[in-house]
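Asker: One file is attached below, data.cif, containing mmCIF, C-alpha atoms.
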```
data_coords
#
loop_
_atom_site.label_atom_id
_atom_site.label_comp_id
_atom_site.auth_asym_id
_atom_site.auth_seq_id
_atom_site.Cartn_x
_atom_site.Cartn_y
_atom_site.Cartn_z
CA MET A 1 0.00 0.00 0.00
CA ASP A 2 1.28 3.46 -0.90
CA MET A 3 1.84 5.40 2.33
CA ASN A 4 2.21 8.86 0.85
CA TRP A 5 0.15 11.94 1.37
CA ASN A 6 -1.41 13.39 -1.78
CA GLY A 7 -1.69 16.93 -0.38
CA THR A 8 -5.46 16.87 0.21
CA ILE A 9 -7.44 16.61 3.44
CA ASN A 10 -10.95 15.36 4.02
CA VAL A 11 -13.50 17.97 5.00
CA THR A 12 -17.26 18.28 5.05
CA SER A 13 -19.37 21.10 3.74
CA GLU A 14 -22.45 22.02 5.70
CA GLU A 15 -23.28 24.88 3.34
CA ASP A 16 -24.74 23.07 0.38
CA ASP A 17 -24.62 19.30 0.70
CA HIS A 18 -25.45 18.47 4.31
CA GLY A 19 -22.05 17.20 5.41
CA SER A 20 -20.79 15.19 2.41
CA ILE A 21 -17.09 14.41 2.23
CA HIS A 22 -14.82 16.56 0.05
CA SER A 23 -11.07 16.57 -0.63
CA VAL A 24 -9.41 19.97 -0.53
CA ARG A 25 -5.71 20.71 -1.02
CA LEU A 26 -4.16 21.89 2.25
CA GLU A 27 -2.44 24.84 0.57
CA GLU A 28 -5.86 26.25 -0.47
CA PHE A 29 -6.77 26.98 3.14
CA LEU A 30 -6.21 30.49 4.46
CA PHE A 31 -6.67 29.57 8.10
CA PHE A 32 -8.20 27.07 10.49
CA GLU A 33 -10.14 28.20 13.55
CA LEU A 34 -11.66 26.42 16.51
CA GLU A 35 -15.28 27.42 17.01
CA ASN A 36 -17.76 25.63 19.28
CA ARG A 37 -15.45 22.59 19.52
CA GLN A 38 -15.38 22.32 15.73
CA ILE A 39 -12.44 23.14 13.48
CA LEU A 40 -13.46 25.25 10.51
CA GLY A 41 -11.18 25.63 7.50
CA HIS A 42 -11.52 28.84 5.47
CA THR A 43 -10.58 28.96 1.78
CA THR A 44 -11.01 32.16 -0.25
CA ASP A 45 -14.65 31.42 -0.97
CA ARG A 46 -15.80 28.57 1.29
CA VAL A 47 -15.88 27.39 4.88
CA TYR A 48 -15.43 23.66 5.55
CA ARG A 49 -15.58 21.62 8.73
CA LEU A 50 -12.65 19.31 9.44
CA PRO A 51 -12.93 15.78 10.84
CA TRP A 52 -10.46 16.66 13.60
CA GLY A 53 -11.77 18.23 16.80
CA SER A 54 -8.49 19.25 18.42
CA LEU A 55 -6.44 22.17 17.17
CA LYS A 56 -3.37 20.71 18.89
CA VAL A 57 -3.66 17.47 16.90
CA LEU A 58 -4.32 19.42 13.70
CA ALA A 59 -1.26 21.61 14.37
CA ASN A 60 0.86 18.45 14.78
CA LEU A 61 -0.56 16.94 11.60
CA ILE A 62 0.04 20.08 9.60
CA SER A 63 3.52 20.79 10.93
CA ALA A 64 4.57 17.24 10.04
CA SER A 65 3.20 17.63 6.51
CA SER A 66 3.62 21.29 5.53
CA ASP A 67 5.61 24.39 6.54
CA GLN A 68 3.01 26.93 5.38
CA PHE A 69 0.93 27.13 8.57
CA GLU A 70 1.71 28.81 11.88
CA LYS A 71 -0.18 29.12 15.13
CA VAL A 72 -1.24 32.77 15.35
CA ASP A 73 -3.72 32.58 18.20
CA LYS A 74 -4.83 29.97 20.74
CA ALA A 75 -7.74 29.13 18.42
CA CYS A 76 -6.23 29.78 15.00
CA LEU A 77 -3.66 28.34 12.57
CA ALA A 78 -2.93 30.57 9.59
CA ASN A 79 -1.37 29.95 6.18
CA VAL A 80 1.38 32.59 6.31
CA HIS A 81 1.87 32.33 2.54
CA LYS A 82 -1.69 33.65 2.06
CA ILE A 83 -1.53 36.63 4.43
CA LYS A 84 -1.80 39.83 2.39
CA ARG A 85 -1.62 42.36 5.23
CA LEU A 86 -0.88 42.25 8.92
CA ASP A 87 -2.48 44.87 11.15
CA THR A 88 -0.08 44.85 14.10
CA LYS A 89 -2.08 47.48 15.99
CA LEU A 90 -5.39 45.61 15.96
CA GLY A 91 -3.82 42.15 15.77
CA ILE A 92 -5.55 41.05 12.58
CA ALA A 93 -4.21 39.13 9.59
CA HIS A 94 -5.95 39.95 6.30
CA PHE A 95 -6.10 37.39 3.51
CA ALA A 96 -6.76 37.52 -0.24
CA VAL A 97 -10.15 38.93 -1.09
CA ASN A 98 -12.52 36.99 -3.30
CA GLY A 99 -15.81 38.42 -4.57
CA GLY A 100 -15.78 41.30 -2.11
CA ARG A 101 -15.69 39.05 0.97
CA GLU A 102 -12.60 39.76 2.97
CA LYS A 103 -11.29 37.00 5.21
CA LYS A 104 -9.36 37.78 8.37
CA CYS A 105 -8.26 36.15 11.59
CA PHE A 106 -6.91 37.33 14.93
CA VAL A 107 -3.19 37.26 15.71
CA ALA A 108 -2.34 37.13 19.41
CA GLU A 109 0.14 39.67 20.74
CA SER A 110 2.41 36.84 21.89
CA HIS A 111 2.70 35.54 18.30
CA MET A 112 2.83 38.92 16.54
CA LYS A 113 6.62 39.46 16.38
CA ARG A 114 7.28 35.93 15.14
CA ILE A 115 4.60 36.21 12.43
CA GLN A 116 5.83 39.65 11.43
CA SER A 117 9.42 38.44 10.98
CA LEU A 118 8.19 35.32 9.13
CA LEU A 119 6.24 37.52 6.69
CA GLU A 120 9.26 39.79 6.18
CA LYS A 121 11.42 36.73 5.51
CA LEU A 122 8.85 35.42 3.03
CA GLN A 123 8.63 38.81 1.32
CA ARG A 124 12.43 38.98 1.01
CA SER A 125 12.63 35.48 -0.48
CA GLU A 126 9.81 36.32 -2.92
CA THR A 127 11.53 39.57 -3.98
CA GLY A 128 14.81 37.67 -4.26
CA SER A 129 13.34 34.97 -6.45
CA SER A 130 11.54 37.49 -8.70
CA GLU A 131 14.81 39.47 -9.04
CA GLU A 132 16.56 36.20 -9.90
CA MET A 133 13.88 35.56 -12.55
CA LEU A 134 14.36 39.05 -13.95
CA GLY A 135 18.15 38.76 -13.76
CA MET B 136 -14.19 20.26 -4.76
CA ALA B 137 -15.25 16.62 -5.01
CA TRP B 138 -13.95 13.73 -2.96
CA ASP B 139 -10.80 12.24 -4.51
CA GLY B 140 -11.50 8.73 -3.20
CA THR B 141 -8.90 8.82 -0.43
CA PHE B 142 -9.11 9.24 3.33
CA SER B 143 -6.63 11.57 5.03
CA LEU B 144 -5.55 9.59 8.09
CA THR B 145 -2.65 9.46 10.50
CA GLU B 146 -0.66 6.76 12.26
CA THR B 147 -0.43 8.44 15.66
CA GLU B 148 -3.16 9.65 18.01
CA ASP B 149 -1.47 13.04 18.53
CA GLY B 150 -1.03 13.64 14.79
CA SER B 151 2.76 13.88 15.01
CA ALA B 152 3.20 11.37 12.16
CA GLY B 153 1.47 13.72 9.71
CA PHE B 154 -1.15 12.91 7.09
CA VAL B 155 -1.33 9.71 5.07
CA SER B 156 -3.69 9.36 2.10
CA VAL B 157 -5.29 5.93 2.06
CA PRO B 158 -7.43 4.97 -0.96
CA ALA B 159 -10.98 3.97 0.01
CA GLU B 160 -10.50 0.56 -1.62
CA ASP B 161 -7.71 -0.23 0.89
CA VAL B 162 -9.94 0.42 3.92
CA LEU B 163 -11.64 -2.71 5.26
CA PHE B 164 -13.70 -0.96 7.92
CA PHE B 165 -13.97 1.94 10.35
CA SER B 166 -14.55 1.29 14.03
CA PHE B 167 -15.29 3.54 16.99
CA VAL B 168 -13.05 2.61 19.91
CA ARG B 169 -12.15 4.68 23.00
CA ASN B 170 -13.74 7.82 21.51
CA GLN B 171 -11.66 7.50 18.33
CA VAL B 172 -12.62 6.54 14.80
CA LEU B 173 -10.06 4.04 13.52
CA ALA B 174 -9.60 3.02 9.89
CA HIS B 175 -8.45 -0.57 9.43
CA THR B 176 -6.57 -1.75 6.35
CA GLU B 177 -5.32 -5.30 5.79
CA HIS B 178 -2.19 -4.80 7.87
CA MET B 179 -2.57 -1.45 9.66
CA GLU B 180 -4.74 0.79 11.79
CA PHE B 181 -4.98 4.56 11.37
CA PHE B 182 -6.58 7.39 13.33
CA ALA B 183 -9.25 9.00 11.17
CA GLY B 184 -10.04 12.01 13.33
CA TRP B 185 -13.81 11.98 12.93
CA ASP B 186 -15.46 12.78 16.24
CA SER B 187 -18.21 10.24 15.67
CA LEU B 188 -19.11 7.42 13.30
CA ASP B 189 -22.44 9.22 12.73
CA ARG B 190 -20.63 12.14 11.14
CA LEU B 191 -18.35 9.93 9.03
CA TRP B 192 -21.34 7.85 7.92
CA LYS B 193 -23.27 10.99 6.96
CA ALA B 194 -20.22 12.18 5.00
CA ILE B 195 -19.68 9.02 2.93
CA GLN B 196 -23.07 7.34 2.65
CA GLY B 197 -24.19 9.25 -0.44
CA VAL B 198 -20.72 9.25 -1.97
CA ASP B 199 -19.38 5.68 -1.84
CA SER B 200 -21.87 2.81 -1.95
CA ARG B 201 -19.23 0.26 -0.90
CA PHE B 202 -19.41 1.49 2.69
CA TYR B 203 -22.29 0.50 4.97
CA ARG B 204 -23.04 1.08 8.66
CA THR B 205 -23.11 -2.54 9.76
CA ASP B 206 -23.32 -1.81 13.47
CA ARG B 207 -23.41 1.11 15.89
CA ASN B 208 -19.60 0.97 16.11
CA TYR B 209 -18.67 -0.19 12.60
CA ILE B 210 -18.77 1.06 9.01
CA ALA B 211 -17.58 -1.70 6.69
CA ASN B 212 -16.33 -1.74 3.12
CA LEU B 213 -18.74 -4.40 1.83
CA SER B 214 -16.67 -5.00 -1.31
CA LYS B 215 -13.95 -6.40 0.99
CA ILE B 216 -16.11 -8.82 3.04
CA ARG B 217 -15.43 -12.41 2.05
CA LYS B 218 -17.33 -14.35 4.72
CA LEU B 219 -20.33 -13.78 6.98
CA ASP B 220 -20.69 -15.47 10.33
CA PHE B 221 -24.44 -15.54 11.01
CA GLU B 222 -24.07 -17.11 14.43
CA TRP B 223 -21.78 -14.41 15.90
CA CYS B 224 -22.83 -11.63 13.48
CA LYS B 225 -19.37 -10.94 12.12
CA GLY B 226 -18.04 -10.04 8.69
CA TYR B 227 -14.61 -11.37 7.76
CA PHE B 228 -12.30 -10.02 5.09
CA GLU B 229 -10.83 -13.43 4.27
CA GLU B 230 -12.52 -16.55 2.90
CA HIS B 231 -10.85 -18.77 5.50
CA PRO B 232 -10.47 -16.60 8.60
CA SER B 233 -8.32 -17.60 11.55
CA SER B 234 -8.64 -16.50 15.16
CA ARG B 235 -6.33 -13.56 14.34
CA SER B 236 -8.24 -12.38 11.27
CA LYS B 237 -9.74 -8.91 11.19
CA PHE B 238 -13.51 -8.73 11.38
CA CYS B 239 -16.32 -6.24 11.82
CA TYR B 240 -19.48 -6.74 13.82
CA ILE B 241 -22.83 -6.64 12.06
CA ALA B 242 -25.97 -5.83 13.98
CA ARG B 243 -28.35 -8.79 13.92
CA VAL B 244 -31.09 -6.60 12.46
CA ARG B 245 -28.80 -5.58 9.58
CA ILE B 246 -27.22 -8.91 8.65
CA LYS B 247 -29.88 -9.74 6.05
CA GLU B 248 -29.42 -6.35 4.44
CA VAL B 249 -25.63 -6.89 4.42
CA ARG B 250 -26.09 -10.30 2.75
CA LYS B 251 -28.38 -8.71 0.13
CA ARG B 252 -25.86 -5.97 -0.59
CA LEU B 253 -22.98 -8.47 -0.78
CA ALA B 254 -24.95 -10.51 -3.31
CA LEU B 255 -25.44 -7.37 -5.40
CA PHE B 256 -21.70 -6.63 -5.24
CA ASN B 257 -20.82 -10.19 -6.23
CA ALA B 258 -23.34 -10.11 -9.09
CA SER B 259 -21.92 -6.87 -10.46
CA ASP B 260 -18.37 -8.25 -10.07
CA SER B 261 -19.15 -11.46 -11.98
CA LYS B 262 -21.00 -9.42 -14.62
CA ALA B 263 -17.88 -7.26 -15.01
CA ASP B 264 -15.75 -10.44 -15.24
CA THR B 265 -17.87 -11.90 -18.05
CA GLU B 266 -18.01 -8.64 -20.01
#
```
Is it possible to give me this structure as structure tokens?

Answerer:
Amino acid sequence: MDMNWNGTINVTSEEDDHGSIHSVRLEEFLFFELENRQILGHTTDRVYRLPWGSLKVLANLISASSDQFEKVDKACLANVHKIKRLDTKLGIAHFAVNGGREKKCFVAESHMKRIQSLLEKLQRSETGSSEEMLG
Amino acid sequence: MAWDGTFSLTETEDGSAGFVSVPAEDVLFFSFVRNQVLAHTEHMEFFAGWDSLDRLWKAIQGVDSRFYRTDRNYIANLSKIRKLDFEWCKGYFEEHPSSRSKFCYIARVRIKEVRKRLALFNASDSKADTE
């Protein structure tokens, strides 16, 4: 049996098909939040519910499989590659906008500096790689 | 965003082993044990994460007809069942099971339905073989 991970995770959608199973690529998620003992995964245009009920277990799963997500709050894991703007004053991370609906999540003060430096590092590597492409 | 036919599972309860994608055809059954949903393949057991079998059953019942809720604590892949034990209400995944063979329980009230569904699977398999 092939023991690889294909990059997708199982989720359910309560919005339009009463909890049927879907497969969504992990990198498509902007952030995961714990709400009423349920983990909700936000993509640019949808909200899915995950099978997992513990954010700690999900954080372990994700950190073993991907380096895109960071804990930004006690109830939130964010895809740092998808953060478009960080409001350090209000402690809010803003994500890509789709169809006029802006998505955002809270960033705890204790995580702010780490997230800020991670974003700066990402920005530098992106600028570096685009300069390399131009060069 | 349809289902790609795999279950995203993990080998450790705390998730530290990361995700593993297991094709649905490799899963023999799901069981609910010690507040955990476990996925059983021929040689392994994985943590599936679902908080209840009810939710997993709701998620897959309209999507993959091979799976059936055989008992309160079991969802079985009927296409993998090779032998039914009517006396003890068990489904085995081998034709000649031993005492160490994997099995799922089947509620007595559902065993006739399971037999009916297995017959349908076998009929469609033999039809496919002859075609």

Asker: At a cut-off of 10 Å, which residues of chain A touch chain B? Count all atoms listed in the file and give the answer as an NGL selection string.

Answerer: :A and (1-13 or 17-25 or 38 or 50-54 or 56-66)

Asker: For the atom pair atom CA of B:Leu173 and atom CA of B:Glu230, what is the interatomic distance in Å to one decimal place?

Answerer: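 Computed distance, atom CA of B:Leu173 to atom CA of B:Glu230, equals 23.3 Å.
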
Asker: Measure the distance from atom CA of A:Lys113 to atom CA of A:Ile83 in Å and round it to one decimal.

Answerer: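 Calculated distance between atom CA of A:Lys113 and atom CA of A:Ile83 is 14.7 Å.
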
Asker: Evaluate the PyMOL selection byres ((chain A and resi 69) around 6) here and jot the selected residues down as a PyMOL selection string.

Answerer: chain A and resi 67-68+70+78-80

Asker: Could you name the residues that touch stretch 90-94 of chain A at 8 Å or less, counting only C-alpha atoms, but leaving out those on the same chain fewer than 3 positions away, as a PyMOL selection string?

Answerer: chain A and resi 83-87+102-109+112

Asker: Could you please take those selected residues and save C-alpha atoms as a compact mmCIF listing (two decimals), in the frame of the given file?

Answerer:
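Saved to again.txt:
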```
# COMPACT_ATOMS: atom_id res chain seq x y z
CA ILE A 83 -1.53 36.63 4.43
CA LYS A 84 -1.80 39.83 2.39
CA ARG A 85 -1.62 42.36 5.23
CA LEU A 86 -0.88 42.25 8.92
CA ASP A 87 -2.48 44.87 11.15
CA GLU A 102 -12.60 39.76 2.97
CA LYS A 103 -11.29 37.00 5.21
CA LYS A 104 -9.36 37.78 8.37
CA CYS A 105 -8.26 36.15 11.59
CA PHE A 106 -6.91 37.33 14.93
CA VAL A 107 -3.19 37.26 15.71
CA ALA A 108 -2.34 37.13 19.41
CA GLU A 109 0.14 39.67 20.74
CA MET A 112 2.83 38.92 16.54
```

Asker: Kindly resolve the PyMOL selection byres ((chain A and resi 101) around 12) on the present coordinates and return the residues as a list in words.

Answerer: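 Selected by the PyMOL selection byres ((chain A and resi 101) around 12) here: His42, Thr43, Thr44, Asp45, Arg46, His94, Phe95, Ala96, Val97, Asn98, Gly99, Gly100, Glu102, Lys103 and Lys104 of chain A.
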
Asker: Could you spell out the hits of the PyMOL selection byres ((chain B and resi 213) around 7) on the shown file, as a VMD selection string?

Answerer: chain B and resid 201 to 203 211 to 212 214 to 216 253

Asker: Do you have the atom CA of B:Glu146-atom CA of B:Ser233 distance handy?

Answerer: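 If I compute the distance from atom CA of B:Glu146 to atom CA of B:Ser233, I get 25.5 Å.
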
Asker: Determine the axis-aligned bounding box of all atoms of stretch 181-194 of chain B present in the file, pad each side by 8 Å, and express its centre and edge lengths in Å to one decimal place as lines of an AutoDock Vina configuration file.

Answerer:
```
center_x = -14.1
center_y = 8.7
center_z = 10.6
size_x = 34.3
size_y = 24.2
size_z = 27.2
```

Asker: Using all atoms listed in the file, collect all residues at a distance of at most 12 Å from (-20.1, -14.7, 16.9) as written in the file, then present them as number ranges by chain.

Answerer: B: 219-227, 234, 238-243

Asker: Model the absent atoms of stretch 174-192 of chain B so that N, CA and C atoms are present, and write the result as an mmCIF file, in the frame of the given file.

Answerer:
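Okay, selection_18.cif is ready:
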```cif
data_model
loop_
_atom_site.group_PDB
_atom_site.id
_atom_site.type_symbol
_atom_site.label_atom_id
_atom_site.label_comp_id
_atom_site.auth_asym_id
_atom_site.auth_seq_id
_atom_site.Cartn_x
_atom_site.Cartn_y
_atom_site.Cartn_z
ATOM 1 N N ALA B 174 -9.451 3.615 11.221
ATOM 2 C CA ALA B 174 -9.600 3.020 9.890
ATOM 3 C C ALA B 174 -8.679 1.808 9.828
ATOM 4 N N HIS B 175 -9.236 0.668 9.455
ATOM 5 C CA HIS B 175 -8.450 -0.570 9.430
ATOM 6 C C HIS B 175 -8.197 -0.979 7.978
ATOM 7 N N THR B 176 -6.918 -1.163 7.647
ATOM 8 C CA THR B 176 -6.570 -1.750 6.350
ATOM 9 C C THR B 176 -6.139 -3.196 6.636
ATOM 10 N N GLU B 177 -5.665 -3.894 5.608
ATOM 11 C CA GLU B 177 -5.320 -5.300 5.790
ATOM 12 C C GLU B 177 -4.271 -5.484 6.902
ATOM 13 N N HIS B 178 -3.282 -4.600 6.916
ATOM 14 C CA HIS B 178 -2.190 -4.800 7.870
ATOM 15 C C HIS B 178 -2.032 -3.689 8.909
ATOM 16 N N MET B 179 -2.817 -2.602 8.776
ATOM 17 C CA MET B 179 -2.570 -1.450 9.660
ATOM 18 C C MET B 179 -3.844 -0.864 10.230
ATOM 19 N N GLU B 180 -3.650 0.019 11.192
ATOM 20 C CA GLU B 180 -4.740 0.790 11.790
ATOM 21 C C GLU B 180 -4.341 2.257 11.762
ATOM 22 N N PHE B 181 -5.269 3.135 11.416
ATOM 23 C CA PHE B 181 -4.980 4.560 11.370
ATOM 24 C C PHE B 181 -6.023 5.320 12.190
ATOM 25 N N PHE B 182 -5.627 6.495 12.675
ATOM 26 C CA PHE B 182 -6.580 7.390 13.330
ATOM 27 C C PHE B 182 -7.217 8.252 12.240
ATOM 28 N N ALA B 183 -8.544 8.291 12.251
ATOM 29 C CA ALA B 183 -9.250 9.000 11.170
ATOM 30 C C ALA B 183 -9.703 10.389 11.577
ATOM 31 N N GLY B 184 -9.741 10.654 12.873
ATOM 32 C CA GLY B 184 -10.040 12.010 13.330
ATOM 33 C C GLY B 184 -11.506 12.336 13.520
ATOM 34 N N TRP B 185 -12.392 11.634 12.839
ATOM 35 C CA TRP B 185 -13.810 11.980 12.930
ATOM 36 C C TRP B 185 -14.273 11.839 14.372
ATOM 37 N N ASP B 186 -15.052 12.822 14.835
ATOM 38 C CA ASP B 186 -15.460 12.780 16.240
ATOM 39 C C ASP B 186 -16.533 11.733 16.513
ATOM 40 N N SER B 187 -17.225 11.310 15.474
ATOM 41 C CA SER B 187 -18.210 10.240 15.670
ATOM 42 C C SER B 187 -18.380 9.460 14.372
ATOM 43 N N LEU B 188 -18.831 8.208 14.501
ATOM 44 C CA LEU B 188 -19.110 7.420 13.300
ATOM 45 C C LEU B 188 -20.323 7.986 12.576
ATOM 46 N N ASP B 189 -21.244 8.596 13.336
ATOM 47 C CA ASP B 189 -22.440 9.220 12.730
ATOM 48 C C ASP B 189 -22.027 10.243 11.672
ATOM 49 N N ARG B 190 -21.047 11.076 12.056
ATOM 50 C CA ARG B 190 -20.630 12.140 11.140
ATOM 51 C C ARG B 190 -19.905 11.570 9.918
ATOM 52 N N LEU B 191 -19.048 10.565 10.151
ATOM 53 C CA LEU B 191 -18.350 9.930 9.030
ATOM 54 C C LEU B 191 -19.356 9.239 8.110
ATOM 55 N N TRP B 192 -20.339 8.572 8.710
ATOM 56 C CA TRP B 192 -21.340 7.850 7.920
ATOM 57 C C TRP B 192 -22.155 8.835 7.073
#
```
